[in-house]
$ cat input.txt   # compact mmCIF, C-alpha atoms and all ligand atoms
# COMPACT_ATOMS: atom_id res chain seq x y z
CA MET Y 718 23.50 -6.45 4.45
CA ALA Y 719 21.71 -3.28 3.60
CA TRP Y 720 19.23 -4.92 1.26
CA GLU Y 721 18.14 -7.57 3.72
CA LYS Y 722 14.87 -5.84 4.56
CA VAL Y 723 13.98 -5.50 0.89
CA VAL Y 724 11.39 -7.94 -0.43
CA GLY Y 725 11.66 -8.80 -4.15
CA GLN Y 726 12.71 -5.93 -6.48
CA LYS Y 727 15.77 -7.79 -7.77
CA ARG Y 728 16.07 -5.64 -10.89
CA VAL Y 729 16.09 -2.42 -8.86
CA ILE Y 730 18.72 -3.77 -6.49
CA GLN Y 731 20.95 -4.97 -9.35
CA THR Y 732 20.81 -1.51 -10.91
CA LEU Y 733 21.68 0.20 -7.63
CA ASN Y 734 24.48 -2.28 -6.90
CA ARG Y 735 26.05 -1.42 -10.27
CA THR Y 736 25.72 2.28 -9.48
CA LEU Y 737 27.40 1.83 -6.10
CA ILE Y 738 30.26 -0.20 -7.61
CA SER Y 739 30.84 2.41 -10.31
CA GLY Y 740 30.77 5.19 -7.72
CA ARG Y 741 28.72 7.37 -10.09
CA ILE Y 742 26.14 8.40 -7.54
CA ALA Y 743 23.36 10.71 -8.73
CA HIS Y 744 22.55 13.87 -6.80
CA ALA Y 745 18.87 12.85 -6.58
CA TYR Y 746 16.87 9.65 -7.05
CA LEU Y 747 13.13 9.30 -7.41
CA PHE Y 748 11.68 5.91 -6.49
CA TYR Y 749 8.18 5.60 -7.89
CA GLY Y 750 5.52 2.92 -8.25
CA PRO Y 751 2.55 1.47 -6.33
CA GLU Y 752 2.45 1.73 -2.54
CA GLY Y 753 3.81 -1.10 -0.45
CA THR Y 754 6.30 -2.31 -3.07
CA GLY Y 755 9.45 -1.45 -1.14
CA LYS Y 756 10.48 2.06 -2.19
CA ARG Y 757 11.26 3.05 1.39
CA ALA Y 758 13.05 -0.23 2.14
CA VAL Y 759 15.31 0.27 -0.88
CA ALA Y 760 15.82 3.95 -0.01
CA PHE Y 761 17.05 3.00 3.46
CA GLY Y 762 19.21 0.26 1.93
CA LEU Y 763 20.77 2.69 -0.54
CA ALA Y 764 21.35 5.27 2.21
CA ALA Y 765 23.11 2.67 4.37
CA ALA Y 766 25.23 1.41 1.47
CA LEU Y 767 26.31 4.96 0.62
CA GLN Y 768 27.50 5.50 4.19
CA CYS Y 769 29.04 2.06 4.81
CA ALA Y 770 32.76 2.17 5.61
CA ALA Y 771 33.36 -1.33 4.23
CA GLN Y 772 31.08 -1.58 1.20
CA VAL Y 773 31.63 -4.79 -0.80
CA ASP Y 774 30.33 -5.32 -4.34
CA GLY Y 775 27.92 -2.43 -4.06
CA MET Y 776 26.47 -3.69 -0.80
CA ALA Y 777 26.72 -2.39 2.73
CA CYS Y 778 28.68 -4.70 5.04
CA GLY Y 779 25.94 -4.67 7.65
CA THR Y 780 28.36 -4.84 10.56
CA CYS Y 781 30.38 -1.63 10.65
CA ASN Y 782 29.48 1.16 13.05
CA SER Y 783 27.84 3.14 10.26
CA CYS Y 784 25.70 0.19 9.13
CA ARG Y 785 24.53 -0.46 12.69
CA LYS Y 786 23.45 3.15 13.11
CA ALA Y 787 21.71 3.16 9.74
CA GLU Y 788 19.87 -0.05 10.66
CA LYS Y 789 18.55 1.54 13.86
CA GLY Y 790 17.58 4.74 12.06
CA ILE Y 791 20.03 6.86 14.10
CA HIS Y 792 22.77 7.64 11.55
CA PRO Y 793 23.54 11.38 11.90
CA ASP Y 794 23.96 11.77 8.13
CA ILE Y 795 20.77 10.00 7.07
CA HIS Y 796 17.69 12.19 7.39
CA VAL Y 797 14.26 10.69 6.86
CA LEU Y 798 11.32 13.02 6.26
CA LEU Y 799 7.59 12.39 6.26
CA PRO Y 800 4.86 14.82 5.19
CA THR Y 801 2.75 15.77 8.23
CA ILE Y 802 -0.45 17.38 9.41
CA THR Y 803 0.00 20.97 10.64
CA ASP Y 804 -0.42 20.32 14.38
CA VAL Y 805 1.88 17.30 14.53
CA SER Y 806 3.64 16.56 17.82
CA THR Y 807 7.33 15.70 17.86
CA SER Y 808 6.68 12.47 19.77
CA ASP Y 809 4.12 11.32 17.20
CA LEU Y 810 6.51 11.98 14.32
CA THR Y 811 9.35 10.22 16.17
CA ALA Y 812 7.18 7.16 16.80
CA ARG Y 813 6.34 6.94 13.10
CA LEU Y 814 9.97 7.23 12.01
CA GLN Y 815 10.99 4.55 14.51
CA ALA Y 816 8.30 2.21 13.22
CA LEU Y 817 9.58 2.84 9.70
CA ALA Y 818 13.18 2.06 10.64
CA GLU Y 819 12.01 -1.22 12.17
CA ASP Y 820 9.81 -2.19 9.23
CA PRO Y 821 9.92 0.04 6.14
CA TYR Y 822 6.73 -1.65 4.91
CA SER Y 823 4.59 -0.61 7.87
CA THR Y 824 1.89 1.96 7.21
CA VAL Y 825 2.90 5.11 9.07
CA ASP Y 826 1.68 7.99 6.91
CA PHE Y 827 -0.64 10.49 8.55
CA GLN Y 828 -3.23 10.12 5.79
CA ARG Y 829 -4.01 6.43 6.26
CA ARG Y 830 -3.03 6.19 9.89
CA PRO Y 831 -4.26 9.25 11.81
CA SER Y 832 -3.20 7.62 15.10
CA MET Y 833 -0.19 5.35 15.63
CA ASP Y 834 -2.07 3.60 18.43
CA GLU Y 835 -4.52 1.94 16.08
CA ALA Y 836 -4.22 0.67 12.55
CA GLY Y 837 -6.57 1.71 9.78
CA GLY Y 838 -8.78 4.73 9.23
CA SER Y 839 -8.13 7.84 7.24
CA THR Y 840 -8.03 11.55 7.92
CA ASN Y 841 -9.52 14.52 6.13
CA LYS Y 842 -6.72 16.72 7.42
CA GLN Y 843 -4.22 17.97 4.87
CA VAL Y 844 -0.95 16.06 4.93
CA PHE Y 845 1.99 17.80 3.28
CA TYR Y 846 5.50 19.22 3.49
CA SER Y 847 5.36 22.86 4.52
CA VAL Y 848 7.82 25.35 3.11
CA GLU Y 849 9.20 25.70 6.67
CA THR Y 850 9.95 21.95 6.74
CA VAL Y 851 11.79 22.22 3.43
CA HIS Y 852 13.91 25.08 4.80
CA GLU Y 853 14.41 23.84 8.38
CA SER Y 854 14.59 20.06 8.03
CA LEU Y 855 16.10 19.85 4.55
CA ARG Y 856 18.00 22.92 3.42
CA ARG Y 857 19.66 23.53 6.78
CA VAL Y 858 20.77 19.96 7.51
CA MET Y 859 21.81 19.27 3.94
CA SER Y 860 24.05 22.36 3.85
CA PHE Y 861 26.43 21.02 6.53
CA HIS Y 862 29.33 18.69 5.86
CA PRO Y 863 28.67 15.08 6.76
CA VAL Y 864 29.28 14.36 10.46
CA GLU Y 865 30.74 10.91 10.06
CA GLY Y 866 29.62 9.43 6.73
CA LYS Y 867 30.69 10.09 3.17
CA TYR Y 868 27.44 11.82 2.25
CA ARG Y 869 24.53 13.77 3.60
CA VAL Y 870 21.53 11.67 2.61
CA ALA Y 871 17.90 12.80 2.78
CA VAL Y 872 15.09 10.30 2.25
CA VAL Y 873 12.02 12.34 1.32
CA ILE Y 874 8.98 10.07 1.66
CA ASP Y 875 5.86 10.87 -0.40
CA ALA Y 876 7.69 13.69 -2.13
CA ASP Y 877 4.55 14.46 -4.18
CA LYS Y 878 2.98 16.00 -1.08
CA MET Y 879 4.41 19.48 -1.61
CA ARG Y 880 2.40 22.53 -2.52
CA THR Y 881 3.81 25.07 -4.97
CA GLU Y 882 5.81 27.12 -2.47
CA ALA Y 883 7.39 24.09 -0.79
CA ALA Y 884 8.03 22.40 -4.15
CA ASN Y 885 9.80 25.52 -5.44
CA ALA Y 886 11.94 25.74 -2.31
CA PHE Y 887 12.80 22.06 -2.72
CA LEU Y 888 13.59 22.56 -6.39
CA LYS Y 889 16.14 25.26 -5.49
CA LEU Y 890 17.79 22.75 -3.19
CA LEU Y 891 17.97 20.16 -5.98
CA GLU Y 892 19.48 22.71 -8.32
CA GLU Y 893 22.38 23.48 -5.97
CA PRO Y 894 25.32 21.28 -6.85
CA GLY Y 895 26.26 19.48 -3.65
CA GLY Y 896 29.22 17.12 -4.03
CA ASN Y 897 28.33 15.04 -1.04
CA THR Y 898 24.56 15.30 -0.81
CA VAL Y 899 22.16 12.64 -2.06
CA PHE Y 900 18.38 13.03 -2.12
CA ILE Y 901 16.21 9.93 -2.34
CA LEU Y 902 12.57 10.78 -3.06
CA THR Y 903 9.75 8.23 -2.94
CA THR Y 904 6.23 8.57 -4.32
CA ASP Y 905 3.16 6.46 -5.08
CA ARG Y 906 1.90 9.30 -7.28
CA VAL Y 907 4.59 10.25 -9.75
CA ASP Y 908 1.98 12.20 -11.74
CA HIS Y 909 1.72 14.59 -8.77
CA VAL Y 910 5.43 15.47 -8.75
CA ILE Y 911 6.14 18.70 -10.61
CA PRO Y 912 8.06 18.18 -13.88
CA THR Y 913 10.94 20.44 -12.88
CA ILE Y 914 11.63 18.20 -9.86
CA LEU Y 915 11.14 15.02 -11.92
CA SER Y 916 13.69 16.12 -14.50
CA ARG Y 917 16.35 16.62 -11.83
CA CYS Y 918 16.05 13.08 -10.48
CA GLN Y 919 17.26 9.72 -11.68
CA LYS Y 920 14.01 7.76 -11.82
CA VAL Y 921 13.72 4.19 -10.58
CA ARG Y 922 10.48 2.32 -11.19
CA PHE Y 923 9.06 -0.20 -8.68
CA GLU Y 924 6.77 -2.98 -9.91
CA PRO Y 925 4.09 -4.73 -7.81
CA LEU Y 926 5.53 -7.59 -5.74
CA GLU Y 927 5.12 -11.27 -6.60
CA ILE Y 928 2.54 -13.23 -4.59
CA GLU Y 929 5.20 -15.69 -3.36
CA ASP Y 930 7.43 -12.87 -2.10
CA ILE Y 931 4.54 -11.30 -0.16
CA ALA Y 932 3.51 -14.64 1.36
CA GLU Y 933 7.08 -15.33 2.45
CA ALA Y 934 7.43 -11.85 3.98
CA LEU Y 935 4.20 -12.38 5.96
CA ALA Y 936 5.52 -15.69 7.27
CA GLN Y 937 8.84 -14.09 8.25
CA ARG Y 938 6.95 -11.47 10.23
CA GLU Y 939 4.94 -14.27 11.84
CA LEU Y 940 1.73 -12.56 10.71
CA ALA Y 941 0.41 -15.48 8.70
CA ASP Y 942 1.67 -18.68 7.16
CA GLY Y 943 0.66 -21.42 4.78
CA THR Y 944 -2.68 -20.99 3.09
CA THR Y 945 -3.64 -17.86 5.05
CA ALA Y 946 -0.47 -16.12 3.89
CA ALA Y 947 -1.21 -17.20 0.31
CA VAL Y 948 -4.75 -15.80 0.50
CA LEU Y 949 -3.62 -12.48 1.97
CA ALA Y 950 -0.80 -12.19 -0.54
CA ARG Y 951 -3.25 -12.63 -3.42
CA MET Y 952 -5.65 -10.09 -1.95
CA ALA Y 953 -2.93 -7.48 -1.49
CA ASP Y 954 -2.49 -6.60 -5.17
CA GLY Y 955 1.30 -6.59 -5.12
CA SER Y 956 1.59 -4.46 -1.96
CA LEU Y 957 3.31 -5.89 1.11
CA SER Y 958 2.02 -2.98 3.22
CA ARG Y 959 -1.54 -3.84 2.24
CA ALA Y 960 -0.92 -7.52 3.06
CA ILE Y 961 0.46 -6.58 6.49
CA GLU Y 962 -2.61 -4.45 7.18
CA LEU Y 963 -4.92 -7.28 6.13
CA ALA Y 964 -3.01 -9.80 8.23
CA SER Y 965 -3.03 -7.53 11.28
CA SER Y 966 -6.79 -7.15 11.13
CA ASP Y 967 -8.77 -10.11 12.44
CA GLU Y 968 -11.75 -9.05 10.34
CA LEU Y 969 -10.95 -10.93 7.16
CA PRO Y 970 -12.29 -14.43 8.00
CA LEU Y 971 -15.46 -12.91 9.46
CA VAL Y 972 -16.05 -10.65 6.48
CA ARG Y 973 -15.54 -13.53 4.06
CA GLU Y 974 -18.20 -15.52 5.90
CA GLU Y 975 -20.52 -12.52 5.68
CA VAL Y 976 -19.99 -12.23 1.93
CA LEU Y 977 -20.72 -15.92 1.33
CA GLU Y 978 -23.84 -15.67 3.53
CA PHE Y 979 -24.97 -12.55 1.64
CA LEU Y 980 -24.58 -14.42 -1.67
CA ARG Y 981 -26.49 -17.45 -0.36
CA LEU Y 982 -29.38 -15.42 1.04
CA SER Y 983 -29.54 -13.32 -2.13
CA PHE Y 984 -29.66 -16.45 -4.30
CA GLN Y 985 -32.45 -17.91 -2.18
CA GLY Y 986 -34.35 -14.63 -2.43
CA ARG Y 987 -34.66 -14.43 1.38
CA SER Y 988 -35.33 -10.69 1.38
CA ASP Y 989 -36.31 -10.68 5.07
CA LEU Y 990 -32.96 -12.17 6.09
CA VAL Y 991 -31.06 -9.98 3.61
CA THR Y 992 -32.70 -6.91 5.15
CA ALA Y 993 -31.80 -8.04 8.67
CA MET Y 994 -28.21 -8.65 7.62
CA VAL Y 995 -27.95 -5.30 5.83
CA ASP Y 996 -29.38 -3.50 8.88
CA LYS Y 997 -26.61 -5.00 10.95
CA LEU Y 998 -23.92 -4.18 8.36
CA ALA Y 999 -25.08 -0.58 8.05
CA THR Y 1000 -24.41 0.03 11.75
CA ARG Y 1001 -20.74 -0.94 11.31
CA GLY Y 1002 -19.91 2.06 9.16
CA ARG Y 1003 -18.95 2.88 5.62
CA GLU Y 1004 -15.32 1.71 5.89
CA HIS Y 1005 -16.53 -1.74 6.87
CA THR Y 1006 -18.92 -1.83 3.90
CA LYS Y 1007 -16.10 -0.82 1.54
CA PHE Y 1008 -13.93 -3.61 2.91
CA LEU Y 1009 -16.80 -6.09 2.57
CA LEU Y 1010 -17.33 -5.10 -1.06
CA MET Y 1011 -13.62 -5.50 -1.77
CA VAL Y 1012 -13.72 -9.01 -0.33
CA ALA Y 1013 -16.92 -9.72 -2.29
CA LEU Y 1014 -15.24 -8.64 -5.50
CA GLY Y 1015 -12.36 -11.03 -4.80
CA ILE Y 1016 -14.75 -13.90 -4.21
CA ILE Y 1017 -16.86 -13.22 -7.30
CA ARG Y 1018 -13.77 -12.89 -9.50
CA ASP Y 1019 -12.73 -16.28 -8.14
CA LEU Y 1020 -16.13 -17.70 -9.14
CA MET Y 1021 -15.49 -16.32 -12.63
CA LEU Y 1022 -12.04 -17.94 -12.85
CA ILE Y 1023 -13.47 -21.30 -11.79
CA SER Y 1024 -16.50 -21.01 -14.04
CA ASP Y 1025 -14.79 -19.67 -17.19
CA ALA Y 1026 -11.36 -21.22 -16.99
CA GLY Y 1027 -11.85 -24.09 -14.57
CA ARG Y 1028 -8.86 -22.79 -12.64
CA THR Y 1029 -8.96 -23.18 -8.87
CA ASP Y 1030 -5.17 -22.77 -8.64
CA LEU Y 1031 -5.26 -19.08 -9.62
CA ILE Y 1032 -8.00 -17.92 -7.27
CA VAL Y 1033 -7.50 -15.42 -4.44
CA ASN Y 1034 -9.48 -17.32 -1.79
CA ILE Y 1035 -7.45 -20.45 -2.30
CA ASP Y 1036 -8.46 -21.90 1.09
CA GLN Y 1037 -12.13 -21.72 0.04
CA ALA Y 1038 -11.56 -23.48 -3.29
CA ALA Y 1039 -13.94 -26.35 -2.54
CA THR Y 1040 -16.77 -24.08 -1.33
CA LEU Y 1041 -16.40 -21.82 -4.35
CA ALA Y 1042 -16.24 -24.72 -6.80
CA LYS Y 1043 -19.47 -26.05 -5.30
CA PHE Y 1044 -21.03 -22.61 -5.61
CA VAL Y 1045 -20.16 -22.52 -9.32
CA LYS Y 1046 -21.49 -26.05 -9.86
CA ASN Y 1047 -24.83 -25.08 -8.30
CA LEU Y 1048 -25.11 -21.96 -10.46
CA PRO Y 1049 -24.78 -23.18 -14.04
CA ASP Y 1050 -26.75 -20.25 -15.48
CA ALA Y 1051 -25.17 -17.50 -13.41
CA ARG Y 1052 -24.13 -14.30 -15.17
CA ILE Y 1053 -20.96 -13.81 -13.18
CA SER Y 1054 -19.69 -10.80 -15.12
CA ASP Y 1055 -22.98 -9.04 -14.20
CA MET Y 1056 -22.21 -9.84 -10.57
CA VAL Y 1057 -18.73 -8.29 -10.84
CA GLU Y 1058 -20.20 -5.20 -12.45
CA ALA Y 1059 -22.88 -4.89 -9.75
CA VAL Y 1060 -20.34 -5.04 -6.92
CA GLU Y 1061 -18.03 -2.56 -8.66
CA ARG Y 1062 -20.96 -0.19 -9.19
CA THR Y 1063 -21.97 -0.55 -5.53
CA SER Y 1064 -18.41 0.26 -4.36
CA TYR Y 1065 -18.45 3.33 -6.59
CA LEU Y 1066 -21.75 4.49 -5.07
CA ILE Y 1067 -20.69 3.81 -1.48
CA GLU Y 1068 -17.55 5.91 -2.09
CA ARG Y 1069 -19.93 8.72 -3.03
CA ASN Y 1070 -21.84 8.49 0.24
CA VAL Y 1071 -25.12 7.01 -0.95
CA ASN Y 1072 -27.37 5.29 1.59
CA THR Y 1073 -25.51 2.09 2.50
CA ARG Y 1074 -28.62 0.15 3.47
CA LEU Y 1075 -30.62 0.83 0.30
CA THR Y 1076 -27.62 0.25 -1.95
CA LEU Y 1077 -26.86 -3.15 -0.42
CA ILE Y 1078 -30.49 -4.24 -0.69
CA SER Y 1079 -30.48 -3.18 -4.32
CA LEU Y 1080 -27.22 -5.13 -4.79
CA SER Y 1081 -28.80 -8.23 -3.29
CA ILE Y 1082 -31.64 -8.12 -5.87
CA VAL Y 1083 -29.25 -7.67 -8.80
CA LEU Y 1084 -27.07 -10.53 -7.52
CA ARG Y 1085 -30.13 -12.76 -7.12
CA ASP Y 1086 -31.14 -12.16 -10.74
CA ALA Y 1087 -27.59 -12.63 -12.01
CA MET Y 1088 -27.15 -15.89 -10.09
CA HIS Y 1089 -30.40 -17.17 -11.61
CA GLY Y 1090 -29.15 -16.22 -15.06
CA LYS Y 1091 -31.54 -13.32 -15.43
CA ARG Y 1092 -30.57 -10.00 -16.88
CA SER Y 1093 -31.58 -7.15 -14.60
CA GLY Y 1094 -31.54 -3.39 -14.57
CA GLY Y 1095 -28.36 -3.12 -12.52
CA ILE Y 1096 -27.92 -1.04 -9.40
CA MET Y 1097 -30.51 1.68 -9.92
CA MET Y 1098 -29.55 3.71 -6.93
CA ASP Y 1099 -29.90 7.40 -7.55
CA LEU Y 1100 -26.93 9.40 -6.25
CA ALA Y 1101 -29.31 11.80 -4.56
CA VAL Y 1102 -30.83 9.09 -2.31
ZN ZN Y 1201 29.01 -1.21 6.81

$ encode --input "input.txt" --output "structure tokens"
Amino acid sequence: MAWEKVVGQKRVIQTLNRTLISGRIAHAYLFYGPEGTGKRAVAFGLAAALQCAAQVDGMACGTCNSCRKAEKGIHPDIHVLLPTITDVSTSDLTARLQALAEDPYSTVDFQRRPSMDEAGGSTNKQVFYSVETVHESLRRVMSFHPVEGKYRVAVVIDADKMRTEAANAFLKLLEEPGGNTVFILTTDRVDHVIPTILSRCQKVRFEPLEIEDIAEALAQRELADGTTAAVLARMADGSLSRAIELASSDELPLVREEVLEFLRLSFQGRSDLVTAMVDKLATRGREHTKFLLMVALGIIRDLMLISDAGRTDLIVNIDQAATLAKFVKNLPDARISDMVEAVERTSYLIERNVNTRLTLISLSIVLRDAMHGKRSGGIMMDLAV
């Protein structure tokens, strides 16, 4: 069935099923909500259901010729578009679209994945839909009659990434009444879509995914199971894409160990060892430090849950429950909310390119004070350092 790749989002699917049964298909849909929640998976599902020759109860049959082509991402009447960098190669774009057809939750955008050969990273290059793309890849193909399906469907991923000229060209396209054309737009940033486009679309909101649904999806993909899947699912903040990225990186267990060691050394006031550790961390780059701080925040929030509410069942690092409970027991005077604030402040500063080494040493001192129940001045790092 067309929805089989969709994780969670039952309400959205029910709504779309009713639409398909009624046959009152809108000219344009806008799927919006946080990244990694399944907007693309549902868009592909809707596109397949629209084209299916044997649709039953608002669902694609999954077996007809049309469904098989849609599943492989080769249906001639389903066009999928991604915003690109200016010097994109056709083979690169094709590889990304293939990866998307296989797993709509994989991270394939040019912004967060400059190269398809390796996961992670980010680019400073501009990623957007050019006005030429809107004319060539959208207007032209959408003006023909369908080749073999009932509709011409365009899935426009990250539709917010259009500058004025491209957005205006796209708006013209939306304004043209096309009996058998359907546009499905997706965006993580609905506030960046121009109001005149917004008002022409039927809007469908996507909520963050449930932890259980993410954990199950990780297990199905054989990326993680059991407790590891539960930990990753809790860290992913409702985004399956984020969970997949975390699971595909082997860094997480190592980084968690580093965070716990950093907390221990800070508590003991071993400034020599803290300095040595920070020196090592600083050589691994800013992205690594950001990731480490994110993990640290998760761990400290867990300490807060255990300390304030006595709840080990709700914590993110569920597999470390015993270690964290012991940590809390040994720190009866700790000011854990000060610790959270210090890590958040450090992340903020690191984002703004302060000196990683000095900031982490300063963090260690604030954490030491907070763990000993002392109020301290906070992270006093000047932005100019
Ligand atoms: Zn079918």

$ closest_residue --input "input.txt" --among "Y:Cys781, Y:Lys756, Y:Ala934, Y:Val729" --to "ligand ZN 1201 (chain Y)" --atoms "all atoms listed in the file"
Y:Cys781

$ closest_residue --input "input.txt" --among "Y:Leu949, Y:Ala964, Y:Leu1048, Y:Ala770" --to "ligand ZN 1201 (chain Y)" --atoms "all atoms listed in the file"
Y:Ala770

$ closest_atom_pairs --input "input.txt" --of "chain Y" --to "ligand ZN 1201 (chain Y)" --cutoff "8 Å" --atoms "only C-alpha atoms and all ligand atoms" --output "tab-separated table"
residue	atom	partner	partner_atom	distance
Y:Met718	CA	Y:ZN1201	ZN	8.0
Y:Ala765	CA	Y:ZN1201	ZN	7.5
Y:Ala766	CA	Y:ZN1201	ZN	7.0
Y:Gln768	CA	Y:ZN1201	ZN	7.4
Y:Cys769	CA	Y:ZN1201	ZN	3.8
Y:Ala770	CA	Y:ZN1201	ZN	5.2
Y:Ala771	CA	Y:ZN1201	ZN	5.1
Y:Gln772	CA	Y:ZN1201	ZN	6.0
Y:Ala777	CA	Y:ZN1201	ZN	4.8
Y:Cys778	CA	Y:ZN1201	ZN	3.9
Y:Gly779	CA	Y:ZN1201	ZN	4.7
Y:Thr780	CA	Y:ZN1201	ZN	5.3
Y:Cys781	CA	Y:ZN1201	ZN	4.1
Y:Asn782	CA	Y:ZN1201	ZN	6.7
Y:Ser783	CA	Y:ZN1201	ZN	5.7
Y:Cys784	CA	Y:ZN1201	ZN	4.3
Y:Arg785	CA	Y:ZN1201	ZN	7.4

$ closest_residue --input "input.txt" --among "Y:Pro793, Y:Gly1094, Y:Gly775, Y:Gly895" --to "Y:Leu763" --atoms "only C-alpha atoms"
Y:Gly775

$ closest_residue --input "input.txt" --among "Y:Ser854, Y:Thr903, Y:Thr913, Y:Thr1000" --to "Y:Asn1072" --atoms "only C-alpha atoms"
Y:Thr1000

$ residues_around --input "input.txt" --residues "Y:Ala932" --least-positions-apart "4" --cutoff "6 Å" --atoms "all atoms listed in the file" --output "PyMOL selection string"
chain Y and resi 946-947+950

$ closest_residue --input "input.txt" --among "Y:Asp794, Y:Asp820, Y:Asp875, Y:Asp809" --to "Y:His862" --atoms "all atoms listed in the file"
Y:Asp794

$ closest_residue --input "input.txt" --among "Y:His792, Y:Ser1064, Y:Arg1052, Y:Phe900" --to "Y:His1005" --atoms "only C-alpha atoms"
Y:Ser1064

$ residues_around --input "input.txt" --residues "Y:Ser806" --least-positions-apart "5" --cutoff "12 Å" --atoms "all atoms listed in the file" --output "ChimeraX atom specification"
/Y:801,811-813,827,832

$ residues_around --input "input.txt" --residues "Y:Val921" --least-positions-apart "2" --cutoff "7 Å" --atoms "only C-alpha atoms" --output "PyMOL selection string"
chain Y and resi 747-749+919+923

$ atom_distance --input "input.txt" --atom1 "atom CA of Y:Ala816" --atom2 "atom CA of Y:Lys727"
24.4 Å
